[in-house]
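Asks: Provided herewith: structure.cif, mmCIF, C-alpha atoms.
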data_coords
loop_
_atom_site.label_atom_id
_atom_site.label_comp_id
_atom_site.auth_asym_id
_atom_site.auth_seq_id
_atom_site.Cartn_x
_atom_site.Cartn_y
_atom_site.Cartn_z
CA MET A 4 101.12 77.97 114.25
CA PRO A 5 104.26 77.67 112.06
CA LEU A 6 106.19 80.92 111.67
CA TRP A 7 106.13 80.69 107.89
CA LEU A 8 102.32 80.66 107.97
CA VAL A 9 102.31 83.68 110.31
CA ALA A 10 104.58 85.44 107.82
CA VAL A 11 102.23 84.61 104.95
CA ILE A 12 99.18 85.91 106.83
CA LEU A 13 100.88 89.13 107.95
CA GLY A 14 102.29 89.67 104.46
CA ILE A 15 98.82 89.35 102.95
CA ILE A 16 97.33 91.75 105.51
CA GLU A 17 100.07 94.30 104.87
CA GLY A 18 99.76 93.96 101.10
CA VAL A 19 95.98 94.42 101.11
CA THR A 20 95.84 97.30 103.57
CA GLU A 21 98.98 99.39 102.94
CA PHE A 22 97.48 101.56 100.21
CA LEU A 23 93.78 100.93 100.67
CA PRO A 24 92.25 103.60 102.96
CA VAL A 25 91.63 101.18 105.84
CA SER A 26 94.92 101.40 107.83
CA SER A 27 97.64 98.77 107.56
CA THR A 28 98.98 99.62 111.03
CA GLY A 29 95.55 99.14 112.54
CA HIS A 30 94.98 95.82 110.83
CA LEU A 31 98.43 94.52 111.83
CA LEU A 32 97.73 95.49 115.45
CA ILE A 33 94.41 93.64 115.24
CA ALA A 34 96.10 90.56 113.75
CA GLU A 35 98.76 90.56 116.46
CA GLN A 36 96.07 90.02 119.08
CA TRP A 37 95.81 86.44 117.79
CA LEU A 38 99.14 85.89 116.02
CA PRO A 39 102.67 85.92 117.48
CA ARG A 40 103.90 89.49 117.72
CA GLN A 41 106.67 90.37 115.29
CA SER A 42 109.46 92.91 115.67
CA ASP A 43 109.23 96.49 114.44
CA LEU A 44 111.97 95.65 111.92
CA PHE A 45 109.81 92.84 110.51
CA ASN A 46 106.85 95.19 110.06
CA VAL A 47 108.99 97.90 108.44
CA VAL A 48 110.61 95.49 105.97
CA ILE A 49 107.30 94.06 104.76
CA GLN A 50 105.90 97.59 104.48
CA CYS A 51 108.79 98.48 102.18
CA GLY A 52 107.99 95.40 100.11
CA ALA A 53 104.39 96.55 99.71
CA VAL A 54 105.54 100.02 98.66
CA LEU A 55 108.23 98.93 96.19
CA ALA A 56 105.82 96.56 94.46
CA VAL A 57 103.51 99.34 93.27
CA LEU A 58 106.20 101.34 91.45
CA PRO A 59 105.55 99.56 88.10
CA LEU A 60 101.92 100.69 88.30
CA PHE A 61 103.08 104.30 88.01
CA ARG A 62 105.47 103.68 85.14
CA GLY A 63 104.01 106.53 83.09
CA ARG A 64 104.55 109.06 85.88
CA LEU A 65 108.05 107.77 86.64
CA GLU A 66 109.07 108.02 82.98
CA GLN A 67 107.66 111.54 82.95
CA PHE A 68 109.77 112.51 85.97
CA PHE A 69 112.97 110.99 84.56
CA PHE A 70 112.73 111.83 80.86
CA ARG A 71 110.42 114.85 80.65
CA TRP A 72 111.45 116.72 83.78
CA ARG A 73 112.17 119.88 81.80
CA GLU A 74 108.48 120.31 80.99
CA PRO A 75 106.87 122.94 83.28
CA ALA A 76 103.89 120.71 84.12
CA THR A 77 106.19 117.83 85.11
CA ARG A 78 108.39 120.00 87.30
CA ASP A 79 105.32 121.55 88.95
CA TYR A 80 103.83 118.14 89.81
CA LEU A 81 107.17 116.77 91.03
CA LEU A 82 107.75 119.86 93.17
CA LYS A 83 104.35 119.39 94.76
CA ILE A 84 105.13 115.75 95.61
CA LEU A 85 108.47 116.76 97.12
CA THR A 86 106.87 119.58 99.11
CA ALA A 87 104.26 117.27 100.65
CA PHE A 88 107.05 114.78 101.37
CA PHE A 89 109.11 117.56 103.01
CA ILE A 90 106.21 118.62 105.25
CA THR A 91 105.74 115.05 106.42
CA GLY A 92 109.46 114.48 106.87
CA VAL A 93 109.99 117.58 109.00
CA GLY A 94 106.93 116.78 111.10
CA GLY A 95 108.08 113.18 111.52
CA LEU A 96 111.54 114.25 112.68
CA ILE A 97 109.99 116.60 115.24
CA LEU A 98 107.81 113.78 116.57
CA GLU A 99 110.84 111.46 116.78
CA LYS A 100 112.93 114.08 118.60
CA ARG A 101 110.15 114.44 121.16
CA GLY A 102 110.16 110.69 121.73
CA PHE A 103 106.73 110.00 120.23
CA LYS A 104 105.79 106.31 120.18
CA LEU A 105 102.79 104.95 118.32
CA PRO A 106 100.13 103.54 120.69
CA GLU A 107 99.74 99.78 120.34
CA SER A 108 96.34 99.23 121.97
CA LEU A 109 93.16 98.52 120.02
CA LYS A 110 90.97 101.27 121.48
CA PRO A 111 92.60 104.18 119.55
CA VAL A 112 92.57 102.00 116.41
CA ALA A 113 88.82 101.49 116.74
CA VAL A 114 88.22 105.20 117.35
CA ALA A 115 90.32 106.24 114.34
CA LEU A 116 88.69 103.65 112.09
CA LEU A 117 85.23 104.82 113.18
CA ILE A 118 85.96 108.52 112.69
CA GLY A 119 87.55 107.91 109.30
CA GLY A 120 84.67 105.69 108.21
CA ILE A 121 82.06 108.27 109.20
CA LEU A 122 84.01 110.97 107.37
CA PHE A 123 84.23 108.89 104.19
CA VAL A 124 80.48 108.24 104.21
CA ALA A 125 79.60 111.86 105.07
CA ILE A 126 81.97 113.35 102.49
CA GLU A 127 80.79 111.05 99.73
CA TYR A 128 77.19 112.10 100.45
CA TRP A 129 78.31 115.73 100.43
CA LEU A 130 80.16 115.29 97.11
CA ARG A 131 77.12 113.92 95.29
CA ASP A 132 76.44 115.97 92.14
CA LYS A 133 79.46 118.18 92.88
CA LYS A 134 81.97 118.75 90.11
CA LEU A 135 85.52 117.87 91.14
CA ASN A 136 88.70 118.81 89.26
CA ASP A 137 91.98 117.06 88.57
CA GLN A 138 94.34 119.92 89.45
CA VAL A 139 96.55 119.45 92.51
CA THR A 140 96.68 122.88 94.16
CA TRP A 141 99.20 124.03 96.76
CA THR A 142 96.45 123.89 99.35
CA ILE A 143 96.02 120.20 98.60
CA VAL A 144 99.79 119.70 98.81
CA VAL A 145 99.85 121.10 102.35
CA LEU A 146 96.76 119.11 103.36
CA VAL A 147 98.29 115.86 102.08
CA GLY A 148 101.50 116.48 104.01
CA VAL A 149 99.55 117.23 107.18
CA GLY A 150 97.26 114.24 106.59
CA GLN A 151 100.24 111.89 106.57
CA LEU A 152 101.36 113.28 109.91
CA VAL A 153 97.90 112.78 111.38
CA ALA A 154 98.00 109.14 110.26
CA ALA A 155 101.46 108.74 111.81
CA VAL A 156 100.16 109.90 115.20
CA PHE A 157 96.84 108.06 115.36
CA PRO A 158 96.97 104.31 114.55
CA GLY A 159 93.95 103.22 112.53
CA THR A 160 93.66 106.56 110.72
CA SER A 161 95.30 105.28 107.50
CA ARG A 162 97.80 107.41 105.63
CA SER A 163 95.97 107.05 102.33
CA GLY A 164 92.60 107.44 104.05
CA ALA A 165 93.50 110.74 105.73
CA THR A 166 95.14 112.23 102.65
CA ILE A 167 92.40 111.17 100.26
CA ILE A 168 89.70 112.57 102.54
CA LEU A 169 91.47 115.95 102.76
CA ALA A 170 92.10 116.04 99.00
CA LEU A 171 88.42 115.29 98.29
CA ILE A 172 87.31 118.05 100.65
CA ALA A 173 89.64 120.44 98.79
CA GLY A 174 87.90 119.58 95.51
CA LEU A 175 90.26 117.04 93.91
CA ASN A 176 88.55 114.17 92.09
CA ARG A 177 88.94 110.59 93.29
CA VAL A 178 91.35 109.41 90.58
CA ALA A 179 93.70 112.40 90.93
CA ALA A 180 93.49 112.28 94.74
CA THR A 181 94.36 108.58 94.82
CA GLU A 182 97.29 108.94 92.43
CA PHE A 183 98.78 111.99 94.16
CA THR A 184 98.49 110.58 97.67
CA PHE A 185 100.06 107.31 96.53
CA LEU A 186 102.94 109.11 94.77
CA VAL A 187 103.57 111.18 97.91
CA GLY A 188 103.29 108.10 100.11
CA ILE A 189 105.87 106.06 98.21
CA PRO A 190 108.96 108.20 99.01
CA THR A 191 107.57 108.99 102.47
CA MET A 192 107.23 105.36 103.48
CA LEU A 193 110.46 104.25 101.80
CA ALA A 194 112.42 107.03 103.53
CA ALA A 195 110.88 106.29 106.93
CA GLY A 196 111.28 102.55 106.44
CA GLY A 197 114.86 102.86 105.23
CA LEU A 198 115.79 104.98 108.25
CA LYS A 199 114.20 102.49 110.67
CA ILE A 200 115.92 99.54 109.01
CA PHE A 201 119.29 101.33 109.16
CA LYS A 202 118.86 102.12 112.85
CA ALA A 203 117.69 98.60 113.68
CA LEU A 204 120.65 96.99 111.93
CA HIS A 205 123.35 99.41 113.06
CA HIS A 206 122.04 100.16 116.54
CA PRO A 207 120.28 96.97 117.68
CA VAL A 208 118.36 97.03 120.93
CA ALA A 209 120.12 95.10 123.68
CA GLY A 210 118.48 91.74 124.25
CA ALA A 211 116.36 91.91 121.10
CA PRO A 212 115.99 88.55 119.33
CA HIS A 213 117.76 88.04 116.01
CA GLU A 214 115.56 88.23 112.93
CA ASP A 215 114.79 85.07 111.00
CA TRP A 216 115.43 86.57 107.58
CA ALA A 217 113.91 83.61 105.75
CA ILE A 218 110.60 84.32 107.51
CA VAL A 219 110.96 88.05 106.83
CA ALA A 220 111.60 87.28 103.14
CA ILE A 221 108.41 85.21 102.91
CA ALA A 222 106.35 88.06 104.39
CA PHE A 223 108.15 90.60 102.16
CA VAL A 224 107.30 88.69 98.98
CA MET A 225 103.69 88.11 100.03
CA ALA A 226 103.24 91.79 100.89
CA ALA A 227 104.74 92.83 97.55
CA VAL A 228 102.61 90.52 95.42
CA VAL A 229 99.36 91.28 97.23
CA SER A 230 100.06 95.03 97.32
CA PHE A 231 100.60 95.11 93.55
CA ILE A 232 97.27 93.36 92.98
CA SER A 233 95.41 95.53 95.52
CA VAL A 234 96.65 98.85 94.18
CA LYS A 235 96.08 97.84 90.57
CA TRP A 236 92.50 96.98 91.51
CA LEU A 237 91.99 100.21 93.49
CA LEU A 238 93.27 102.46 90.70
CA ARG A 239 90.63 100.96 88.41
CA TYR A 240 87.94 100.91 91.09
CA VAL A 241 88.09 104.66 91.82
CA GLN A 242 87.53 105.48 88.16
CA THR A 243 83.89 104.38 88.47
CA HIS A 244 83.18 104.11 92.22
CA THR A 245 83.22 106.27 95.33
CA PHE A 246 84.96 105.53 98.64
CA MET A 247 81.62 104.85 100.34
CA ALA A 248 82.27 101.11 100.66
CA PHE A 249 85.55 101.75 102.47
CA GLY A 250 83.76 104.06 104.87
CA TRP A 251 81.20 101.41 105.80
CA TYR A 252 83.95 98.79 106.08
CA ARG A 253 85.88 100.96 108.53
CA ILE A 254 82.74 101.52 110.61
CA ALA A 255 82.02 97.77 110.69
CA VAL A 256 85.57 96.91 111.79
CA ALA A 257 85.48 99.62 114.47
CA ILE A 258 82.22 98.22 115.86
CA ALA A 259 83.66 94.68 115.82
CA ILE A 260 86.73 95.85 117.76
CA GLY A 261 84.49 97.68 120.22
CA ILE A 262 82.49 94.53 120.87
CA LEU A 263 85.67 92.50 121.41
CA LEU A 264 87.01 95.09 123.85
CA LEU A 265 83.76 95.14 125.80
CA ARG A 266 83.86 91.35 126.08
CA GLY A 267 87.44 91.53 127.30
#
Mind turning the file's structure into structure tokens?
Replies:
Amino acid sequence: MPLWLVAVILGIIEGVTEFLPVSSTGHLLIAEQWLPRQSDLFNVVIQCGAVLAVLPLFRGRLEQFFFRWREPATRDYLLKILTAFFITGVGGLILEKRGFKLPESLKPVAVALLIGGILFVAIEYWLRDKKLNDQVTWTIVVLVGVGQLVAAVFPGTSRSGATIILALIAGLNRVAATEFTFLVGIPTMLAAGGLKIFKALHHPVAGAPHEDWAIVAIAFVMAAVVSFISVKWLLRYVQTHTFMAFGWYRIAVAIAIGILLLRG
């Protein structure tokens, strides 16, 4: 298969799954069972493309942060985003210092997808007829920070999936939970991605192949375009729908992986 086509496919997968609560890491690991494996730098760069592309979708919030930051409500919301980001950042640095490396086998991906899917279905049943609010409390801030760490440790969990589930349990409505977790995720993923790119470029691994930056650029653009479309759709979807469909999707993918593993 031509490398440019591999880049297009991986870019589409990254763009669709980065913010949807189905795990981009898990889906990329699944895809790499059939496609040529790419470098960690490749995966980080296209992830950054997917993240940067959604910034225009939060133009209202960004203008609020830049031009109305003196307002108490704006400063409170921004402080909560930064606090959740800080919790994740400190936890991530601790994991890195201890030499943590993300598992790359499909079994933990299937388990995490299954558990997350069951939780989505169970929580949505539990939330039926319950009144949710749109206020991000400090409890939710801590839960979102911790949720991002859980997703960083267990491939297939999904950063947005874990944080949205915890926010829903804490009583935040779907629209507010989706927006807050996305706004926390943007600086988190850009900071982590930027650090990894810096290390890869300034401290290359001996014997590692040189990146084909034309191929990386193709995947970057594809991830950015598809991510913009996916997030724009999701932000509208959650206004009138639950996350039940994502729960069943995760369960179905987990079962499919299980069958493939059993067949060798």
Asks: When you look at range 131-147 of chain A with a cut-off of 10 Å (counting all atoms listed in the file), what residues show up, excluding the ones that are within fewer than 3 positions of it in the same chain? I need them as number ranges by chain.
Replies: A: 79-80, 82-91, 126-128, 150-153, 162-163, 165-180, 183-184, 187-188, 245
Asks: Go ahead and save the picked residues with C-alpha atoms, as a PDB file, in the frame of the given file.
Replies:
ATOM      1  CA  ASP A  79     105.320 121.550  88.950  1.00  0.00           C
ATOM      2  CA  TYR A  80     103.830 118.140  89.810  1.00  0.00           C
ATOM      3  CA  LEU A  82     107.750 119.860  93.170  1.00  0.00           C
ATOM      4  CA  LYS A  83     104.350 119.390  94.760  1.00  0.00           C
ATOM      5  CA  ILE A  84     105.130 115.750  95.610  1.00  0.00           C
ATOM      6  CA  LEU A  85     108.470 116.760  97.120  1.00  0.00           C
ATOM      7  CA  THR A  86     106.870 119.580  99.110  1.00  0.00           C
ATOM      8  CA  ALA A  87     104.260 117.270 100.650  1.00  0.00           C
ATOM      9  CA  PHE A  88     107.050 114.780 101.370  1.00  0.00           C
ATOM     10  CA  PHE A  89     109.110 117.560 103.010  1.00  0.00           C
ATOM     11  CA  ILE A  90     106.210 118.620 105.250  1.00  0.00           C
ATOM     12  CA  THR A  91     105.740 115.050 106.420  1.00  0.00           C
ATOM     13  CA  ILE A 126      81.970 113.350 102.490  1.00  0.00           C
ATOM     14  CA  GLU A 127      80.790 111.050  99.730  1.00  0.00           C
ATOM     15  CA  TYR A 128      77.190 112.100 100.450  1.00  0.00           C
ATOM     16  CA  GLY A 150      97.260 114.240 106.590  1.00  0.00           C
ATOM     17  CA  GLN A 151     100.240 111.890 106.570  1.00  0.00           C
ATOM     18  CA  LEU A 152     101.360 113.280 109.910  1.00  0.00           C
ATOM     19  CA  VAL A 153      97.900 112.780 111.380  1.00  0.00           C
ATOM     20  CA  ARG A 162      97.800 107.410 105.630  1.00  0.00           C
ATOM     21  CA  SER A 163      95.970 107.050 102.330  1.00  0.00           C
ATOM     22  CA  ALA A 165      93.500 110.740 105.730  1.00  0.00           C
ATOM     23  CA  THR A 166      95.140 112.230 102.650  1.00  0.00           C
ATOM     24  CA  ILE A 167      92.400 111.170 100.260  1.00  0.00           C
ATOM     25  CA  ILE A 168      89.700 112.570 102.540  1.00  0.00           C
ATOM     26  CA  LEU A 169      91.470 115.950 102.760  1.00  0.00           C
ATOM     27  CA  ALA A 170      92.100 116.040  99.000  1.00  0.00           C
ATOM     28  CA  LEU A 171      88.420 115.290  98.290  1.00  0.00           C
ATOM     29  CA  ILE A 172      87.310 118.050 100.650  1.00  0.00           C
ATOM     30  CA  ALA A 173      89.640 120.440  98.790  1.00  0.00           C
ATOM     31  CA  GLY A 174      87.900 119.580  95.510  1.00  0.00           C
ATOM     32  CA  LEU A 175      90.260 117.040  93.910  1.00  0.00           C
ATOM     33  CA  ASN A 176      88.550 114.170  92.090  1.00  0.00           C
ATOM     34  CA  ARG A 177      88.940 110.590  93.290  1.00  0.00           C
ATOM     35  CA  VAL A 178      91.350 109.410  90.580  1.00  0.00           C
ATOM     36  CA  ALA A 179      93.700 112.400  90.930  1.00  0.00           C
ATOM     37  CA  ALA A 180      93.490 112.280  94.740  1.00  0.00           C
ATOM     38  CA  PHE A 183      98.780 111.990  94.160  1.00  0.00           C
ATOM     39  CA  THR A 184      98.490 110.580  97.670  1.00  0.00           C
ATOM     40  CA  VAL A 187     103.570 111.180  97.910  1.00  0.00           C
ATOM     41  CA  GLY A 188     103.290 108.100 100.110  1.00  0.00           C
ATOM     42  CA  THR A 245      83.220 106.270  95.330  1.00  0.00           C
TER      43      THR A 245
END
Asks: Which of these, A:Gly196, A:Gly102, A:Gly250, A:Gly261, has the shortest distance to Asp43 in chain A once you count only C-alpha atoms?
Replies: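 Using only C-alpha atoms, the shortest distance to Asp43 in chain A belongs to A:Gly196.
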Asks: Taking only C-alpha atoms into account, name the residue in A:Ile232, A:Leu237, A:Met247, A:Ile258 that is nearest to Leu122 in chain A.
Replies: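 Checking each candidate against Leu122 in chain A, we get A:Met247 as the closest.
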Asks: Expand the PyMOL selection byres ((chain A and resi 22) around 10) into the individual residues it matches in the shown file, reporting them as a ChimeraX atom specification.
Replies: /A:17-21,23-27,53-54,57,161-164,181,184-185,188-189,230-231,233-234,237
Asks: How many Å lie between CA of Ala194 in chain A and CA of Trp216 in chain A, rounded to one decimal?
Replies: 21.1 Å
Asks: For a test of reading the model, state the distance in Å between CA of Trp7 in chain A and CA of Glu35 in chain A, rounded to one decimal.
Replies: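 Between these atoms lies a distance of 15.0 Å.
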Asks: For Gly92 in chain A, which residue out of A:Val114, A:Leu109, A:Ala155, A:Ala257 is the nearest one, using all atoms listed in the file?
Replies: A:Ala155
Asks: By how many Å are CA of Thr191 in chain A and CA of Leu81 in chain A apart?
Replies: 13.8 Å
